[in-house]
Structure formats: structure tokens, C-alpha cells
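Reading through the C-alpha cells given below for one structure.
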Amino acid sequence: MTAVLEARELSVQYKIGRDWLTVLNNISLTLHADEIHGLVGESGSGKTTLGLSLMRYLDANARIAGGQILLDGDDLAPRTPAQMRPIWGSKLAYVPQNPLAALNPSYTVGEQIAEIPRQHMGMNRPDAARRAVEMLRRVKIADPEVVATRYPHQLSGGMRQRVAIAMALVTEPRLLVLDEPTTALDVTTQAVILDLFRELIHDNQAAALYVSHDLATIAQLCERVTVLYAGEVVESALVRDLYKRPLHPYTIGLLASRPSAHTAFVGNETRLPVIPGVAPSLSERSSACTFAPRCPLAIEVCRTHKPPLESADDGRTVRCHRWKEVAAGTVNPLTPQPSLPQGGEGEDVNAEKFPTLADDSQKPLVSEKPPSPLATEIGVGSSQKSPSPLVGEGQGERAVLHATALSKNFREGGLFARLTRRARAVHAVDAVSLHVNRKSTLGLVGESGSGKTTLARLIVGLESADSGDIALMGVDIPQPLDSRPASALAQLRLVIQNPNEALNPYQTVGYGIGRAVQKAMPNLAAYEIRDRVLWLLDSVRLPATLIDRLPSELSGGEKQRVSIARAFAAQPALILLDEPTSSLDVSVQAVILNLLKDLRAERGASYLLISHDLDVVAYLAEWMIVMYLGQMVEEGTSAHVTGFPSHPYTEALVSAVPSADPAARRGSIRLEGEVPSARDLPTGCRFHTRCPRYLGDICKTHEPPLRDAGDGHKIRCHIPIEELLHLQTSPLNPLSIGRGDLSHPKLDSPSLRERGLGGEV
Amino acid sequence: MTPFLIRRVILLAVTMIFTSALIFGLTQILPGDVARLQLGREASQVSLDAFRERYGLNDPVPMQYVNWLGGFLSGDWGVSYSAGNPAVRPLVIDRLGNTLRLAVYTLILSIPLSVVLGVISALREGSWLDNLISLVSLSVVGLPEFVTGIVLINVLALGLGWFPPTSLIMRDMVFGDWIRILTLPAITASFVLLGYVVRMTRAGVLEELKQPYVRTAALKGLPARVVIFKHVLRNALMPTITVIALSVGWLIGGLIVIENVFSYPGLGALMVDAVGQKNIPLLQACVMVVIFFFAVANLIADVLYALLNPRIRLG
């Protein structure tokens, strides 16, 4: 294996203020030809800096403080940017993260590719233009001549990423550095792009460094992986070794804190293992083991001496004083999580002052209506074998939220277009009905264009539906936010994806939460409001000292917890969570997910969880809806939808989610083409243009019916239910591996049992 | 693109008509009686009445406006109320020509220099050069034109003798003569523009330098000048173009002080006189011309913006 690039004890420093702080400390790394090397780390680990530093690309306030970067034997470290220019773009290529921002909006993509061969290969304009089209064809873009004349904003995310790869490969570089290139993409698009990466990199025999925070993607794509923590390499190994037998406590913690590591929704008792504490900032890094403050295995030597990077067997390296014990299995590096919410010892003193929905007292939504009696106290996830009664059809009194046939179309174009009827309707949401019961969680899964965001906005009241009703706690509420009564507003709260956008940067934490309390309970005195704010902070496990901090002083996870605390301020019946953990690191996500489960149990709130991440939804929600192009295509319990993804789209979605177990390739169902535009909906079944199980003309001409597979599992497809389920349990179906002991009522039919299928798989 | 252009041209026409009505209305409020202003204090009632009758000043105001508008649109811009009754149109056109010469010269002098200074400032952000450029450009903006103008006259004209101290127009001037008389006023006007354009360019470039596509371009191995001039400037100049367009309006109608200091017969001076005399036909014509150029400059700016920004052009 030829080594293309080798970093030897590379150290990089940033100048912050007047001090030079070390960002990367003694990194040693070797990248071989025809091998994809993954670099995994969370935010602040320095992974992007390392990726760029290996290309000798440093910001103006950064410097190489030591070490070498050997490209085919030549040390790049002492070179100046001017000396690096012949190498950038020709021998070393970079694939950026967010192609919309990373491509110049004012030039066509063809031109942005063509300027590279003009620069490095001396081509003239026509030749370079032809080469650009050739590259577009190589990355499997249809109609490359046409696409070459397009601007970045006219292309979809997947196509832009292909353009970025084309740009990187045009000079057949020795090394590619890929900086989280699929983070901004949908799961199904990501799957296709990863396949493309794999193919092209191996065709080119290039070395590649794939930087990501997503362990699963790396598991699917890379052969070797290096884990970075606080600017240091903590572990490096072949992918299959790392995932089978991780040696460093951080790696173990990271792998364990993913929701997909645990079987889908096993009742409220599961909590994800969490790595306590937060990663140290640049100035806080210890000169001993950087992970020691958070490590459950830390002993005295860990706090005084930095562990060296030692070789374990089979070309692995690990930086830990106790790795041998971990390898032998004599210690457990995971912090056990109590099944009860922490702080559960002793009575909650404030419980009397602030009754929650866990009490049976049902607060009336509108004062005129008498409170409706609760039939029974609804338990959560009582059984694993069959779906619990709570996920049945929306029983009137028990449904916290009941949306009926919500539809929303947007009209494009200005006044002129509307007058001449040239405005086109964008069909965002089409007659979607859903309900959320008390103390339960409904998950809404969909990719871009599915309409899930619009649906969320309809429910919250930021948009008004063209038709359909929304009933909160059994009472119909008007759609526009301004028309809703204050009591309705208090019952339905929202937590959004980006905590930076959710919190006013000029308001302290205490003020922000306090305002929410005050709006919900206008009659409280100032000291009572403050008490309640402190109580809320405590319930999201934040220290009371944060009450006077500004959001800019908090981490992402802390900000999200403040958002959640604020949402609970009004004691809502339902909280709508829109991608609550998508912008957070995996370890922080685990903390938030645990917290959400705790609060759900303590407060009896219901959640409507919207996410593109199937694993997160499956972990938190008992009930799931899958959306495609504004319609619900499958609905059922999480166990059923993820275990028996019957609708072809769901099947492709589940198949596309990368699994962190490299051995279990989750499936290779790939969707061709792009999501059709919502302006131009396909006739008949909306999915027929990309459906791998396309039946025939009926899919093109007739809208498929919503079929019931029992126990609330519904699928919108022309293919009969039995056949879909049969396909799911067929031993040829890669998804049927690892389904465990899930069962499905429809599979218990005698005919299937005769065939030797059905029942326990 | 075409519907966009049509919309903007219609908007231009509407703007001009609306403004003319507004100005017409405002002049009615001005103190002083037109007839008396023209004929003097000693004029007899008979001559005053005759004056008013002749220029239709006894008609109701809306009718006066409509009459004027009709005439204007058909090319008859009326006659000036002042002695000799010169026809308004040739007078205005003549002065407009002078103003345009000065405006174009100012733009040529100031814009390229300002853009270059702005780019240098941004690239050397925080350095002594950046601070110096900022200091100089902002200071000269603050100075009133009559101060800078007079200083320039004193130093460059009276002191060094390089330029004439006034910018009077004589007959049979050649190109060289024009340059001689226009340079000092153009420099004075440039000072005002310099500050704005330098700051706008600097801010625009700084903003674009932060964008990820700059790193992508650098990592393609493109030389620095290609990255700056091809990639960055294309996007960074958009706010600057807007500022320049807005300046054009000022250059056409707002150079009154400079014209005064240099005794240059431009449109601004003509307008001030017209206002003082309540010389409505003359004033209206001047205003229409200024508005026209202002709106056209904005239209060109918008078109340029759309041409440079594919997101607007193609949607």
C-alpha cells in the first residue's frame, strides 16, 4: 500500500487574541492510495482544521507549530501558499461541505469546473469546457451539457455535491479531502452520493480523507478510521476493528450514545449512555489526558501524564493508559444510566405549587367548555409485544392533537403572474391527517420536499391551511396564530432545530424563560416567576447560575436545553419538536434525547417529533408517519415502520440509513433520480417515478389507496399488503437481518405460516 | 428579463409624472407672486394683469398643470418667464450638456480609484494602509464642498497656476479646454463620492471574502488575483453599483454649491434661479430632467445587478 500523504507529529496553532493556542497536537496519520480514511470527531475536535492542514491550507491566524506533512516524500509544512498553488487543485483536491455556499453563485458550474484544467493542465477554453462536461458525465449527471450551463442555485443539493466531486477529480489528484460532504443532504441522496464516492475514488486509485461527525457514514464508506478528540488522535484502526472492538473510552462512549445502537423504542425505561461533561475549549485542554475529566475510567495517572499513542495489535493505535484493561474486558467504560429520571430521589417540593399534566386534573382549553373526563390514566410503552392501546385510533378525549385532512398549496409568482394565471401551485401538503395521544410521541419522517416542515408550520399556526381542521385537546382551534386563544397557545409549544435562531441573543436565559412563563401565567408575581424559571432550569439539568447568561455564552446542547425549558414553561400538552437534535453532536444528542424522555414521563407531555433521522424518531416515538411529496405514505408503530418498512419509499429510506455496523450493510436499495418538484406532481402515485417496485401503468394512472395492515399500520400503495409484508420477511431482503423478535399481526396468517414464513422471523 | 424591464420603464414614467405634479404643487406654496417678481416692484397693475393673462396664471391650478404637462409631453417646454422669454428647452438642454460633462468626468475620476482603494483596504484589513485609506476617505466626505473647492482653487489655480480659477465657458472650446476647466470641480465632487464608494466596496469585499466559495477557489490552486478579481469582485461589487447609481442623481442635480464656487453654468444653478423667480416652466423642465436621469441611472443599476446576479436573472 503506497502511502500518499503522511503527517508526522503535526501540530497547528491558532492565534486567539494575543496567545497562540494549540488546535492540533502531534497528529500522526498516514493516507494510502486506493483507501478511504475516515476522520471522526465532534465539534471542536479540530477535524476540519486537520483536513485543511493536511492540504497545507491555513487561515491567516494559524500556523504550523511542528511536524511534517509528507506528500510522496516531500515535506509541505515549510511551503508558502504561493508554493502550494501548483499542488492545490491538481495533486490535492478538496470537496467542500455545503456546495451551495462553496460554489460561486455568479458563475455557471461548467465554468467553475473548466477553470481548473485551464489553470493546471494548460488547456484552452473549448477543450476545458469539453472536459468539464465529461466530468459531469462521470459523476452521473444526466444531460451534462445542459447542466454545465446552469448556476449553482438552479441545481438540487445532490447535483451540487456531484459538481463538487467533479471539480475535485478533474485533475485526477493523488489525495482527496472530503469535508463532511453529505451532511446537508437527504439520507436517500446521501446513499447514492456515498456509492459514487466509493466508485470514483477507487477508479482513480486516489487516497481519500473523509471528515465527518457521523460514525455510521464512515462505517459504510471508509476502510480505516481515526478518532479525534480535543485536537489529538485518540484511536486509529481499520473500520471493522474499531466498530467491533473499540478500545478508547471516548470511542466506546460515542458508539454507544447513538440511538440506533439500541433496538427501536423499547418503552420509556431506556436511556442512552451519555459521556458526561463537555469537550474542553482550546484554552482548557489538559497537558495530561485530554479526555480524563469526562472519562469514567480515569485514574490518577490520567490526570498527570499524557498517554502516548501506543500500538495495539493489527496496526491499531490508541492513546489511553488503560487500553489493555478495556481490551481485556475487565472494565466498563460506559456510565450507567438510571432508568428513572435523575433527581427522582425525594419528592419534588414544587410539585404542589406547579401541578403538571401528570395529575388527573384536566385543564379546560376554553373556559366555557367543561373539562372532559379522562377515561384511564394512559400508560406508556407497557408492552413490547403488541402495540399498546394508546396507539390506536385517535379516541376523542385522549387525543391531544387531532389534525384532519390538512392541505396547503402555495401560489408562486407575483401579482402579474397571479392575474394571468401563470402562477403555479406548489402542492406542499395534501390532506394529511394525524393525531397525537396523551403522553405519547408521534414521529414525522420525511426528506426535503416531503411537506413535513409546512405541516409543522400549519399545526403551530405560522401558516393557515387551505382546508382541514386542527383540534387541540378536543377543541377546534383557528389556524392563524393570532386568532388562537391564549390557552391554546399555552398548550402547543415549539422547539426548533437551530438553537442559535431560537434564542434572542440579547436576552439572558432567565429573561427568555421568564417571559414564556409570564405569558402563560400572567398573574404571577416576579419572585414566583423567578422560582419557576429556576425550577425549569433544574428540570433540564442546567445549573441555576446560567440564569444570567446570554445565549452566546452557552454551548449548542445547553442552548437547546434552554429552548426545551422554555417550551415547558407553559405546561403544554403538546410540544412540537422540529429536528431538535440535528445540529448537535452525537454525544450531546444523547443527552437531549434522554432529557426528552425524562420530561415526557415527569410532565406527561406529548411530542410531535419531526426529523429526517429515522433512528432518532424510532428511539423517541412510538408511532411514526412517513411523508413523501406532501402525502402520508406509511403510518404505524415505530417498530413496524422501521422493522417492516412496507411502502417502497420507506423501504428505500431505511435501506439508505447508514449503519455503524460495517458488517450489516443495511441494504442497497437506491432511488434513482431526484424528488419531483412539488409544482409538477407525478400523476397517480406520487412515488411512481422512482419506485423500485413499480407495478405498471396502474401506478401512473391511479392514486393508490390507503390500505390497513392491522393495528394501525397503514400503507399507501397499489401492491397488496400481504405481498409487501412478505417481501419484507423474505430471507433475500437484507433488511430482514437483525429484525430480532418483532412480529407483525398480518404475518401470522395461516397461509404465510404454511409457507414457512410469518410469525417470529 | 423583458417583463422586468417593461415594469421598470412603466415605473419610470409614473415616477416622473408624479414628481412633476408634486413640484408643481409645491411651487404654488412658495412665497412671492410670479408677475411681481419678474416685472419688479414698480410695475403697474395693468402690466401685472397682462403678464398673468399671458402666462395663464389666472387659470385654476390643476388646469395650469394639465396644460403644462400636455405641452411638455409634446416637446413644447414653454418659455421662461424671465426677461427675453427664452425658450425653456434649448436653455435646459444646453445647461444639461454642461452638467453631464462634469458628471461623466467626475465618475471617471472617482469610481475606478474608489473601487481600487476599497479592494486594497479590504485585503489589508486592519493594517496601517487600511486605516489610512479609511481616514482620508471619510475626512474628505465630511468637508463641505465650498471649503474643498476654495482650497483647491487657492492651491492649484491661484497658487500653482495649473488650472483656471473659474470654470466659465467660452466659445469654441476644444477638448483640452474642457479638461482644464472641469478638473477642479470634478475633484471637488469626487471627494464627496470617495468616502461612500470606498466604504461600500470595502464592506462588500470583506463580506465576500468570508464566503466558503473563496476557499474553494483558492484550493483549486487559482492565483490570488484570479480569486479576487474573478470570483470575489463579481459578487462584492453589487452594493457598490447601487451606491454609484444613487450618486448619479446627485451629480446631475445636486452640484449647486460646486457650480456656484466655480461659476460653472450647470443645471443646478439654473434650478436655483428658477425656484427663486417661481419660474415654473423652467423649474418643471429642470426637475423632469433630473428625475429622468436619476430614474434611468437606477434602472441601469438594477439591470446591471440582475446581469451580475444569476439568482435574480433566472429565479
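Starting from 1 in every chain, residues are counted up; chains themselves are A, B, ... following the order of the C-alpha cells, and ligands are numbered from 1 as listed.
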
So that I can check the surroundings of B:Trp250, please list as a VMD selection string every protein, DNA and RNA residue that reaches within 12 Å of it, counting only C-alpha atoms and ignoring chain neighbours fewer than 3 positions away. chain B and resid 99 to 100 102 to 103 106 to 107 189 to 190 192 to 193 243 to 247 253 to 258 267 to 268 290 to 291 293 to 295 297

Let me see the file: selected residues, N, CA, C and O atoms, as a short mmCIF file (atom, residue, chain, number, x, y, z; two decimals), in the first residue's frame.
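To be explicit, this is the file written out as selection-v8.cif:
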```cif
data_model
loop_
_atom_site.label_atom_id
_atom_site.label_comp_id
_atom_site.auth_asym_id
_atom_site.auth_seq_id
_atom_site.Cartn_x
_atom_site.Cartn_y
_atom_site.Cartn_z
N THR B 99 -23.63 70.06 -17.42
CA THR B 99 -23.65 69.24 -16.22
C THR B 99 -23.21 67.81 -16.53
O THR B 99 -22.47 67.21 -15.77
N LEU B 100 -23.66 67.30 -17.65
CA LEU B 100 -23.28 65.93 -17.99
C LEU B 100 -21.78 65.80 -18.17
O LEU B 100 -21.17 64.82 -17.73
N LEU B 102 -19.49 67.46 -16.69
CA LEU B 102 -18.89 67.44 -15.36
C LEU B 102 -19.16 66.11 -14.67
O LEU B 102 -18.28 65.53 -14.03
N ALA B 103 -20.40 65.62 -14.81
CA ALA B 103 -20.76 64.38 -14.13
C ALA B 103 -19.92 63.21 -14.64
O ALA B 103 -19.38 62.44 -13.85
N THR B 106 -16.40 63.45 -13.44
CA THR B 106 -16.29 63.08 -12.02
C THR B 106 -16.33 61.57 -11.85
O THR B 106 -15.55 61.00 -11.10
N LEU B 107 -17.25 60.93 -12.56
CA LEU B 107 -17.34 59.47 -12.42
C LEU B 107 -16.06 58.80 -12.86
O LEU B 107 -15.55 57.90 -12.19
N ALA B 189 -16.09 67.30 -6.50
CA ALA B 189 -17.24 66.39 -6.43
C ALA B 189 -16.78 64.98 -6.09
O ALA B 189 -17.48 64.25 -5.38
N SER B 190 -15.62 64.59 -6.58
CA SER B 190 -15.12 63.24 -6.30
C SER B 190 -14.92 63.02 -4.82
O SER B 190 -15.14 61.93 -4.31
N VAL B 192 -16.60 63.96 -2.45
CA VAL B 192 -17.84 63.57 -1.79
C VAL B 192 -18.14 62.10 -2.06
O VAL B 192 -18.56 61.36 -1.17
N LEU B 193 -17.92 61.67 -3.29
CA LEU B 193 -18.24 60.28 -3.63
C LEU B 193 -17.26 59.28 -3.04
O LEU B 193 -17.61 58.14 -2.73
N VAL B 243 -24.76 52.15 -4.93
CA VAL B 243 -24.35 53.45 -4.43
C VAL B 243 -24.00 54.38 -5.57
O VAL B 243 -24.37 55.56 -5.57
N ILE B 244 -23.32 53.85 -6.57
CA ILE B 244 -22.95 54.70 -7.71
C ILE B 244 -24.19 55.21 -8.42
O ILE B 244 -24.27 56.38 -8.80
N ALA B 245 -25.16 54.34 -8.57
CA ALA B 245 -26.39 54.77 -9.25
C ALA B 245 -27.05 55.91 -8.50
O ALA B 245 -27.54 56.88 -9.09
N LEU B 246 -27.09 55.78 -7.19
CA LEU B 246 -27.70 56.85 -6.41
C LEU B 246 -26.91 58.14 -6.54
O LEU B 246 -27.49 59.23 -6.52
N SER B 247 -25.63 58.01 -6.70
CA SER B 247 -24.81 59.22 -6.82
C SER B 247 -25.09 59.97 -8.10
O SER B 247 -24.91 61.19 -8.17
N GLY B 253 -28.21 66.86 -10.48
CA GLY B 253 -28.98 68.00 -9.97
C GLY B 253 -28.48 68.62 -8.70
O GLY B 253 -28.94 69.67 -8.30
N GLY B 254 -27.50 67.98 -8.06
CA GLY B 254 -27.15 68.44 -6.73
C GLY B 254 -25.85 69.20 -6.64
O GLY B 254 -25.38 69.51 -5.54
N LEU B 255 -25.25 69.53 -7.77
CA LEU B 255 -23.92 70.14 -7.72
C LEU B 255 -23.99 71.65 -7.59
O LEU B 255 -23.09 72.36 -8.03
N ILE B 256 -25.04 72.12 -7.01
CA ILE B 256 -25.29 73.56 -6.98
C ILE B 256 -24.15 74.32 -6.33
O ILE B 256 -23.67 75.34 -6.87
N VAL B 257 -23.72 73.84 -5.20
CA VAL B 257 -22.67 74.58 -4.49
C VAL B 257 -21.40 74.63 -5.32
O VAL B 257 -20.76 75.67 -5.45
N ILE B 258 -21.06 73.48 -5.89
CA ILE B 258 -19.84 73.44 -6.69
C ILE B 258 -19.94 74.35 -7.89
O ILE B 258 -19.01 75.08 -8.24
N LEU B 267 -26.83 72.74 -14.50
CA LEU B 267 -28.27 72.62 -14.30
C LEU B 267 -28.67 73.04 -12.89
O LEU B 267 -29.75 73.60 -12.68
N GLY B 268 -27.84 72.76 -11.95
CA GLY B 268 -28.15 73.09 -10.57
C GLY B 268 -28.38 74.57 -10.38
O GLY B 268 -29.36 75.00 -9.76
N VAL B 290 -33.80 66.06 -14.23
CA VAL B 290 -33.05 65.43 -13.14
C VAL B 290 -33.67 64.08 -12.77
O VAL B 290 -32.97 63.08 -12.61
N ILE B 291 -34.99 64.10 -12.63
CA ILE B 291 -35.67 62.85 -12.26
C ILE B 291 -35.42 61.79 -13.32
O ILE B 291 -35.17 60.62 -13.01
N PHE B 293 -32.90 61.36 -15.33
CA PHE B 293 -31.57 60.77 -15.22
C PHE B 293 -31.41 59.92 -13.98
O PHE B 293 -30.79 58.86 -14.00
N PHE B 294 -31.98 60.39 -12.91
CA PHE B 294 -31.92 59.63 -11.66
C PHE B 294 -32.58 58.27 -11.82
O PHE B 294 -32.02 57.22 -11.47
N ALA B 295 -33.79 58.28 -12.39
CA ALA B 295 -34.51 57.02 -12.55
C ALA B 295 -33.82 56.10 -13.55
O ALA B 295 -33.74 54.89 -13.33
N ALA B 297 -30.65 56.04 -14.17
CA ALA B 297 -29.44 55.50 -13.51
C ALA B 297 -29.81 54.34 -12.60
O ALA B 297 -29.12 53.32 -12.57
#
```

Kindly provide, as a PyMOL selection string, the residues of chain A having any atom no farther than 9 Å from an atom of chain B, counting only C-alpha atoms. chain A and resi 55+57+82+84-90+92-96+98-107+112+115-116+119-120+151+153-154+167-168

Just the selected residues (C-alpha atoms), exported as a PDB file, in the first residue's frame, please.
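What follows is the written file again-v5.pdb:
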```pdb
ATOM      1  CA  MET A  55      -3.502  20.218   2.443  1.00  0.00           C
ATOM      2  CA  TYR A  57      -4.240  25.345   3.843  1.00  0.00           C
ATOM      3  CA  ALA A  82       2.337  30.564  -3.397  1.00  0.00           C
ATOM      4  CA  MET A  84       1.306  25.326  -2.695  1.00  0.00           C
ATOM      5  CA  ARG A  85      -0.761  26.713  -5.545  1.00  0.00           C
ATOM      6  CA  PRO A  86       0.543  24.321  -8.179  1.00  0.00           C
ATOM      7  CA  ILE A  87      -0.408  21.464  -5.883  1.00  0.00           C
ATOM      8  CA  TRP A  88      -3.841  22.648  -4.791  1.00  0.00           C
ATOM      9  CA  GLY A  89      -6.406  21.524  -7.247  1.00  0.00           C
ATOM     10  CA  SER A  90      -4.010  19.265  -9.084  1.00  0.00           C
ATOM     11  CA  LEU A  92      -4.515  17.648  -3.646  1.00  0.00           C
ATOM     12  CA  ALA A  93      -8.203  18.276  -4.064  1.00  0.00           C
ATOM     13  CA  TYR A  94     -10.877  19.418  -1.666  1.00  0.00           C
ATOM     14  CA  VAL A  95     -14.559  18.525  -1.653  1.00  0.00           C
ATOM     15  CA  PRO A  96     -16.371  21.085   0.489  1.00  0.00           C
ATOM     16  CA  ASN A  98     -22.045  22.854   1.713  1.00  0.00           C
ATOM     17  CA  PRO A  99     -21.883  23.223  -2.025  1.00  0.00           C
ATOM     18  CA  LEU A 100     -24.438  25.975  -2.201  1.00  0.00           C
ATOM     19  CA  ALA A 101     -22.140  28.248  -0.259  1.00  0.00           C
ATOM     20  CA  ALA A 102     -18.973  26.643  -1.536  1.00  0.00           C
ATOM     21  CA  LEU A 103     -19.671  27.320  -5.194  1.00  0.00           C
ATOM     22  CA  ASN A 104     -19.590  30.793  -6.625  1.00  0.00           C
ATOM     23  CA  PRO A 105     -23.200  31.797  -7.258  1.00  0.00           C
ATOM     24  CA  SER A 106     -22.301  34.037 -10.162  1.00  0.00           C
ATOM     25  CA  TYR A 107     -20.647  31.553 -12.491  1.00  0.00           C
ATOM     26  CA  GLN A 112     -16.199  26.603 -12.304  1.00  0.00           C
ATOM     27  CA  GLU A 115     -11.100  26.852 -14.897  1.00  0.00           C
ATOM     28  CA  ILE A 116      -9.198  24.048 -13.180  1.00  0.00           C
ATOM     29  CA  GLN A 119      -5.047  26.552 -14.735  1.00  0.00           C
ATOM     30  CA  HIS A 120      -3.255  23.272 -14.134  1.00  0.00           C
ATOM     31  CA  TYR A 151     -25.828  28.130 -11.973  1.00  0.00           C
ATOM     32  CA  HIS A 153     -28.729  27.773  -7.192  1.00  0.00           C
ATOM     33  CA  GLN A 154     -30.609  26.090 -10.018  1.00  0.00           C
ATOM     34  CA  MET A 167     -14.314  19.711  -9.613  1.00  0.00           C
ATOM     35  CA  ALA A 168     -12.108  17.715  -7.298  1.00  0.00           C
TER      36      ALA A 168
END
```

**Study point:** Close residues, stretch 37-53 of chain A itself excluded, 8 Å, only C-alpha atoms, min 6 positions apart in chain, as a ChimeraX atom specification
**Key:** /A:12,23-24,31,177-179,207-215,218,222-232,279,281,585-586

Please, could you write that set of residues out with N, CA, C and O atoms as a short mmCIF file (atom, residue, chain, number, x, y, z; two decimals), in the first residue's frame?
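The new file again_28.cif reads:
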```cif
data_model
loop_
_atom_site.label_atom_id
_atom_site.label_comp_id
_atom_site.auth_asym_id
_atom_site.auth_seq_id
_atom_site.Cartn_x
_atom_site.Cartn_y
_atom_site.Cartn_z
N VAL A 12 -0.69 22.26 15.00
CA VAL A 12 -1.17 23.51 14.41
C VAL A 12 -1.68 24.40 15.54
O VAL A 12 -2.36 23.92 16.45
N VAL A 23 -4.35 23.89 18.44
CA VAL A 23 -5.59 23.28 17.95
C VAL A 23 -5.37 21.80 17.67
O VAL A 23 -6.20 20.96 17.98
N LEU A 24 -4.24 21.49 17.04
CA LEU A 24 -3.93 20.09 16.74
C LEU A 24 -2.60 19.76 17.39
O LEU A 24 -1.63 20.50 17.22
N LEU A 31 -2.10 8.30 4.94
CA LEU A 31 -3.17 8.06 3.97
C LEU A 31 -2.60 7.27 2.80
O LEU A 31 -1.65 7.71 2.16
N VAL A 177 -9.56 15.42 -0.05
CA VAL A 177 -10.02 15.66 1.31
C VAL A 177 -11.50 16.02 1.22
O VAL A 177 -11.86 16.99 0.56
N LEU A 178 -12.35 15.20 1.82
CA LEU A 178 -13.78 15.42 1.74
C LEU A 178 -14.27 15.90 3.11
O LEU A 178 -14.17 15.17 4.09
N ASP A 179 -14.78 17.09 3.15
CA ASP A 179 -15.16 17.70 4.42
C ASP A 179 -16.65 17.59 4.63
O ASP A 179 -17.42 18.43 4.16
N ALA A 207 -5.99 8.47 -2.83
CA ALA A 207 -6.18 8.38 -1.38
C ALA A 207 -7.26 9.38 -1.01
O ALA A 207 -7.44 10.40 -1.68
N ALA A 208 -8.00 9.08 0.04
CA ALA A 208 -9.07 10.00 0.41
C ALA A 208 -9.19 10.09 1.91
O ALA A 208 -9.05 9.10 2.62
N LEU A 209 -9.45 11.30 2.37
CA LEU A 209 -9.71 11.52 3.79
C LEU A 209 -11.15 12.00 3.90
O LEU A 209 -11.50 13.02 3.32
N TYR A 210 -11.96 11.26 4.62
CA TYR A 210 -13.37 11.61 4.74
C TYR A 210 -13.62 12.12 6.16
O TYR A 210 -13.60 11.35 7.11
N VAL A 211 -13.84 13.40 6.27
CA VAL A 211 -14.03 14.01 7.59
C VAL A 211 -15.51 14.03 7.91
O VAL A 211 -16.32 14.46 7.10
N SER A 212 -15.89 13.54 9.09
CA SER A 212 -17.31 13.54 9.42
C SER A 212 -17.50 13.41 10.91
O SER A 212 -16.62 12.98 11.64
N HIS A 213 -18.67 13.79 11.38
CA HIS A 213 -19.02 13.53 12.77
C HIS A 213 -19.89 12.29 12.84
O HIS A 213 -20.24 11.83 13.91
N ASP A 214 -20.28 11.77 11.68
CA ASP A 214 -21.25 10.68 11.64
C ASP A 214 -20.53 9.34 11.53
O ASP A 214 -20.00 8.99 10.49
N LEU A 215 -20.55 8.60 12.64
CA LEU A 215 -19.85 7.32 12.67
C LEU A 215 -20.40 6.34 11.66
O LEU A 215 -19.69 5.52 11.10
N ILE A 218 -19.14 6.86 8.09
CA ILE A 218 -17.75 6.42 7.98
C ILE A 218 -17.69 4.91 7.95
O ILE A 218 -16.90 4.32 7.21
N CYS A 222 -15.65 3.98 4.67
CA CYS A 222 -14.20 4.00 4.85
C CYS A 222 -13.64 2.64 5.19
O CYS A 222 -14.32 1.78 5.74
N GLU A 223 -12.35 2.49 4.88
CA GLU A 223 -11.67 1.26 5.26
C GLU A 223 -10.94 1.42 6.58
O GLU A 223 -10.85 0.50 7.36
N ARG A 224 -10.45 2.64 6.80
CA ARG A 224 -9.69 2.90 8.02
C ARG A 224 -10.27 4.14 8.68
O ARG A 224 -10.85 4.99 8.01
N VAL A 225 -10.16 4.23 9.98
CA VAL A 225 -10.74 5.40 10.65
C VAL A 225 -9.84 5.88 11.79
O VAL A 225 -9.18 5.09 12.46
N THR A 226 -9.81 7.19 11.94
CA THR A 226 -9.08 7.81 13.04
C THR A 226 -10.06 8.65 13.84
O THR A 226 -10.85 9.39 13.27
N VAL A 227 -10.00 8.50 15.15
CA VAL A 227 -10.89 9.27 16.01
C VAL A 227 -10.11 10.43 16.63
O VAL A 227 -9.04 10.23 17.17
N LEU A 228 -10.70 11.60 16.53
CA LEU A 228 -10.03 12.80 17.02
C LEU A 228 -10.80 13.35 18.21
O LEU A 228 -12.03 13.47 18.16
N TYR A 229 -10.10 13.68 19.27
CA TYR A 229 -10.76 14.33 20.40
C TYR A 229 -9.85 15.45 20.89
O TYR A 229 -8.68 15.23 21.15
N ALA A 230 -10.42 16.63 21.00
CA ALA A 230 -9.69 17.79 21.52
C ALA A 230 -8.33 17.93 20.83
O ALA A 230 -7.31 18.13 21.46
N GLY A 231 -8.32 17.79 19.52
CA GLY A 231 -7.11 18.05 18.77
C GLY A 231 -6.08 16.93 18.79
O GLY A 231 -4.96 17.13 18.34
N GLU A 232 -6.43 15.78 19.32
CA GLU A 232 -5.47 14.68 19.36
C GLU A 232 -6.07 13.43 18.77
O GLU A 232 -7.27 13.21 18.86
N ALA A 279 -16.72 18.81 25.93
CA ALA A 279 -15.36 18.81 25.41
C ALA A 279 -14.66 20.11 25.84
O ALA A 279 -15.28 21.16 25.88
N SER A 281 -12.57 23.51 25.81
CA SER A 281 -12.31 24.53 24.80
C SER A 281 -10.79 24.61 24.58
O SER A 281 -10.02 23.97 25.30
N ASP A 585 -23.99 17.55 18.19
CA ASP A 585 -23.11 16.39 18.12
C ASP A 585 -23.81 15.16 18.68
O ASP A 585 -24.75 15.26 19.46
N VAL A 586 -23.27 14.00 18.32
CA VAL A 586 -23.90 12.75 18.74
C VAL A 586 -23.98 12.63 20.26
O VAL A 586 -25.00 12.24 20.82
#
```

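Here atom CA of A:Leu494 is placed at a distance of 19.9 Å from atom CA of A:Ala590.
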
### Within 10 Å of A:Lys700 using only C-alpha atoms, minus same-chain residues under 4 positions, as number ranges by chain
A: 682-689, 694-696, 704

Please dump the current selection as a short mmCIF file (atom, residue, chain, number, x, y, z; two decimals), in the first residue's frame; keep C-alpha atoms.
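Printed below is result_9.cif as written:
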```cif
data_model
loop_
_atom_site.label_atom_id
_atom_site.label_comp_id
_atom_site.auth_asym_id
_atom_site.auth_seq_id
_atom_site.Cartn_x
_atom_site.Cartn_y
_atom_site.Cartn_z
CA PRO A 682 -46.47 12.99 -10.84
CA THR A 683 -49.84 11.57 -11.85
CA GLY A 684 -51.29 8.66 -9.96
CA CYS A 685 -48.96 7.53 -7.24
CA ARG A 686 -46.54 10.36 -6.46
CA PHE A 687 -43.71 7.96 -5.92
CA HIS A 688 -44.08 6.04 -9.18
CA THR A 689 -41.28 7.91 -10.96
CA TYR A 694 -43.14 -0.08 -9.82
CA LEU A 695 -46.01 -2.36 -10.81
CA GLY A 696 -47.16 -0.99 -14.09
CA PRO A 704 -53.05 4.29 -4.59
#
```

Write out as a PyMOL selection string which residues come within 10 Å of A:Tyr628 when counting only C-alpha atoms, dropping same-chain ones fewer than 3 positions away. chain A and resi 429+445-452+631-634+649-650+675+686-687

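Shell of stretch 503-513 of chain A at 6 Å, with only C-alpha atoms counted and residues fewer than 5 places along the chain excluded, is A:Ile547, A:Asp548, A:Arg549, A:Leu550, A:Pro551, A:Arg566.
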